[in-house]
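Novice: Could you have a look at this structure, given as structure tokens, before my questions?
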Amino acid sequence: MTITADDHRTHEYADLPRLMSLMTGDEKHGPAATSTLDVLWVLYDRVLRVTPERTADPGRDRFLLSKGHGPMAYYAVLAAKGFLPVEWLPGFGGYDSPLGHHPDRVLVPGAEIGSGSLGHGLPIGVGTALGLRAKGLGDPAVWVLIGDAELDEGSNHEAIAFAGPAGLDRLHTVVVDNSASHARPGGIAARFEAAGWSAAAVDGRDHTALYEAFTAPHPGRPHVVVARVEPKNA
């Protein structure tokens, strides 16, 4: 019997609930974690050009987890992809564990930023994209994952307003929409489009739809994907 790449991918994804179940304790922010699971998986499995061996490679893609509270899905995906040992997961949140309730970039292999204080990831992503451009590194992509509630932070709107006119086409943002934010007439995607971004809104549990949205061409413009999942309080 031949084991295909798709077979291996399916097996890895199916193991994620087990990996997440290893992380227990208070302050887990469970809904915040599970809402990001499929987005994180598709990015790390099929989109991001970074591996455990390339975390210091200047040509790597950068992934910035701004939605840093409830990072169990992030840790589970990093473990599944070999960035960190599975044996670390049961210690999640412990005083001597590198896996804190908010990721620490100096402790978590593969983490580009320390995160959890809402509203910082997208501005950092803008700065990262500008820095790569200034260094003449036009190939690496910058990806930022934010929650819809983070759009209540003014710092994100400043970043959105700057990135479009600046033509930061290597900047990508994924907004996980679990209806935790204030209502926006026209939807979240319209806010980005008004600032000159390319935008798509898809089912945040549909891996094919996510992949197609993540890889859609957007020449000359930054790109946002709004990944809609079940409401936080459903």
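In the structure tokens, each chain is lettered A, B, ... as it comes, each chain's residues begin at 1, and ligands are numbered from 1 in order of appearance.
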Going by DSSP on the backbone, which bits of region 37-231 of chain A are alpha helix (DSSP H)? Write them as a PyMOL selection string, please.

Specialist: chain A and resi 37-42+72-80+121-134+154-163+188-194+207-214

Novice: Between CA of Gly114 (chain A) and CA of Pro98 (chain A), what distance in Å does the model show, to one decimal?

Specialist: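 One can read the CA of Gly114 (chain A) to CA of Pro98 (chain A) distance as 12.1 Å.
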
Novice: Please list as an NGL selection string every residue within 7 Å of region 116-123 of chain A, counting only C-alpha atoms and excluding residues in the same chain fewer than 2 positions away.

Specialist: :A and (64-69 or 102 or 125-127 or 144 or 150 or 153 or 155-156 or 159)

Novice: If we count only C-alpha atoms and set the cut-off at 10 Å, which residues sit around Ala111 (chain A), ignoring sequence neighbours fewer than 3 positions away in its own chain? Please answer as a PDB file with N, CA and C atoms, in the first residue's frame.

Specialist:
ATOM      1  N   THR A  55      14.055  28.369  10.831  1.00  0.00           N
ATOM      2  CA  THR A  55      13.518  29.437  11.668  1.00  0.00           C
ATOM      3  C   THR A  55      14.426  30.663  11.730  1.00  0.00           C
ATOM      4  N   ARG A  62       7.317  34.771   7.417  1.00  0.00           N
ATOM      5  CA  ARG A  62       7.108  35.119   8.821  1.00  0.00           C
ATOM      6  C   ARG A  62       5.640  34.968   9.193  1.00  0.00           C
ATOM      7  N   PHE A  63       5.362  34.223  10.266  1.00  0.00           N
ATOM      8  CA  PHE A  63       4.002  34.110  10.777  1.00  0.00           C
ATOM      9  C   PHE A  63       3.947  34.755  12.145  1.00  0.00           C
ATOM     10  N   LEU A  64       3.059  35.737  12.306  1.00  0.00           N
ATOM     11  CA  LEU A  64       2.919  36.482  13.549  1.00  0.00           C
ATOM     12  C   LEU A  64       1.545  36.192  14.147  1.00  0.00           C
ATOM     13  N   LEU A  65       1.533  35.528  15.294  1.00  0.00           N
ATOM     14  CA  LEU A  65       0.278  35.235  15.979  1.00  0.00           C
ATOM     15  C   LEU A  65      -0.064  36.409  16.879  1.00  0.00           C
ATOM     16  N   TYR A  74      -2.122  26.720  18.401  1.00  0.00           N
ATOM     17  CA  TYR A  74      -0.811  27.107  17.864  1.00  0.00           C
ATOM     18  C   TYR A  74       0.266  26.133  18.323  1.00  0.00           C
ATOM     19  N   TYR A  75       0.289  25.837  19.623  1.00  0.00           N
ATOM     20  CA  TYR A  75       1.278  24.900  20.143  1.00  0.00           C
ATOM     21  C   TYR A  75       1.082  23.496  19.562  1.00  0.00           C
ATOM     22  N   LEU A  78       2.426  23.525  16.003  1.00  0.00           N
ATOM     23  CA  LEU A  78       3.898  23.562  16.030  1.00  0.00           C
ATOM     24  C   LEU A  78       4.471  22.206  16.421  1.00  0.00           C
ATOM     25  N   PHE A  83       8.251  21.657  15.296  1.00  0.00           N
ATOM     26  CA  PHE A  83       8.929  22.849  15.810  1.00  0.00           C
ATOM     27  C   PHE A  83       9.254  22.705  17.295  1.00  0.00           C
ATOM     28  N   PRO A 103       2.268  33.153  23.996  1.00  0.00           N
ATOM     29  CA  PRO A 103       3.557  32.680  23.476  1.00  0.00           C
ATOM     30  C   PRO A 103       4.676  33.695  23.705  1.00  0.00           C
ATOM     31  N   ASP A 104       5.851  33.173  24.022  1.00  0.00           N
ATOM     32  CA  ASP A 104       7.052  33.980  24.226  1.00  0.00           C
ATOM     33  C   ASP A 104       8.039  33.624  23.121  1.00  0.00           C
ATOM     34  N   ARG A 105       8.439  34.608  22.329  1.00  0.00           N
ATOM     35  CA  ARG A 105       9.276  34.321  21.165  1.00  0.00           C
ATOM     36  C   ARG A 105      10.654  33.793  21.533  1.00  0.00           C
ATOM     37  N   VAL A 106      11.128  34.060  22.746  1.00  0.00           N
ATOM     38  CA  VAL A 106      12.449  33.554  23.131  1.00  0.00           C
ATOM     39  C   VAL A 106      12.368  32.154  23.732  1.00  0.00           C
ATOM     40  N   LEU A 107      11.159  31.660  23.971  1.00  0.00           N
ATOM     41  CA  LEU A 107      10.981  30.338  24.564  1.00  0.00           C
ATOM     42  C   LEU A 107      10.337  29.329  23.625  1.00  0.00           C
ATOM     43  N   VAL A 108       9.519  29.793  22.698  1.00  0.00           N
ATOM     44  CA  VAL A 108       8.765  28.896  21.816  1.00  0.00           C
ATOM     45  C   VAL A 108       9.450  28.832  20.454  1.00  0.00           C
ATOM     46  N   GLY A 114       6.380  37.776  20.717  1.00  0.00           N
ATOM     47  CA  GLY A 114       5.615  37.539  21.917  1.00  0.00           C
ATOM     48  C   GLY A 114       4.266  38.208  21.745  1.00  0.00           C
ATOM     49  N   SER A 115       3.189  37.526  22.117  1.00  0.00           N
ATOM     50  CA  SER A 115       1.872  38.088  21.788  1.00  0.00           C
ATOM     51  C   SER A 115       0.839  37.765  22.852  1.00  0.00           C
TER      52      SER A 115
END

Novice: What lies within 8 Å of Asp38 (chain A) using only C-alpha atoms, ignoring chain neighbours under 4 positions off, as a tab-separated table (two decimals) with N, CA, C and O atoms, in the first residue's frame?

Specialist:
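Writing the result to out_1.tsv gives the following:
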chain	number	residue	atom	x	y	z
A	42	VAL	N	-3.91	24.86	7.96
A	42	VAL	CA	-3.74	25.07	6.52
A	42	VAL	C	-2.51	25.93	6.25
A	42	VAL	O	-1.74	25.65	5.32
A	204	GLY	N	-14.19	29.34	7.79
A	204	GLY	CA	-12.93	29.09	8.47
A	204	GLY	C	-12.68	27.66	8.87
A	204	GLY	O	-11.65	27.36	9.48
A	205	ARG	N	-13.60	26.76	8.52
A	205	ARG	CA	-13.39	25.32	8.77
A	205	ARG	C	-13.17	24.55	7.47
A	205	ARG	O	-12.87	23.35	7.50
A	206	ASP	N	-13.30	25.21	6.34
A	206	ASP	CA	-13.19	24.56	5.02
A	206	ASP	C	-11.75	24.70	4.52
A	206	ASP	O	-11.33	25.78	4.10
A	207	HIS	N	-10.99	23.62	4.57
A	207	HIS	CA	-9.57	23.69	4.25
A	207	HIS	C	-9.32	24.07	2.79
A	207	HIS	O	-8.38	24.81	2.49

Novice: So which residues of region 17-144 of chain A fall under strand (DSSP E) by DSSP, listed as a list of chain:residue names?

Specialist: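 Result set for region 17-144 of chain A (strand (DSSP E)): A:Arg62, A:Phe63, A:Leu64, A:Leu65, A:Val142, A:Trp143, A:Val144.
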
Novice: Give me, as an MDAnalysis selection string, all polymer residues having an atom no more than 9 Å from Ala149 (chain A), counting only C-alpha atoms and skipping those fewer than 2 positions away in the same chain.

Specialist: chainID A and resid 118 146:147 151:153 177:182

Novice: Fewer than 4 positions away in the same chain doesn't count, so skip those; otherwise give me all residues within 10 Å of Pro85 (chain A), counting only C-alpha atoms, as a PyMOL selection string.

Specialist: chain A and resi 75-76+78-81+89+109

Novice: Do you have, as JSON lines, the list of residues of region 65-138 of chain A lying at most 8 Å from region 17-23 of chain A, each with its nearest atom pair and that distance in Å to one decimal, counting only C-alpha atoms and ordered by chain then number?

Specialist:
{"residue": "A:Met72", "atom": "CA", "partner": "A:Met20", "partner_atom": "CA", "distance": 6.1}
{"residue": "A:Ala73", "atom": "CA", "partner": "A:Met20", "partner_atom": "CA", "distance": 6.5}
{"residue": "A:Ala76", "atom": "CA", "partner": "A:Leu19", "partner_atom": "CA", "distance": 5.5}
{"residue": "A:Val86", "atom": "CA", "partner": "A:Leu19", "partner_atom": "CA", "distance": 7.5}
{"residue": "A:Leu89", "atom": "CA", "partner": "A:Met23", "partner_atom": "CA", "distance": 5.6}
{"residue": "A:Pro90", "atom": "CA", "partner": "A:Leu22", "partner_atom": "CA", "distance": 5.0}
{"residue": "A:Gly91", "atom": "CA", "partner": "A:Met23", "partner_atom": "CA", "distance": 7.0}
{"residue": "A:Phe92", "atom": "CA", "partner": "A:Met23", "partner_atom": "CA", "distance": 5.5}
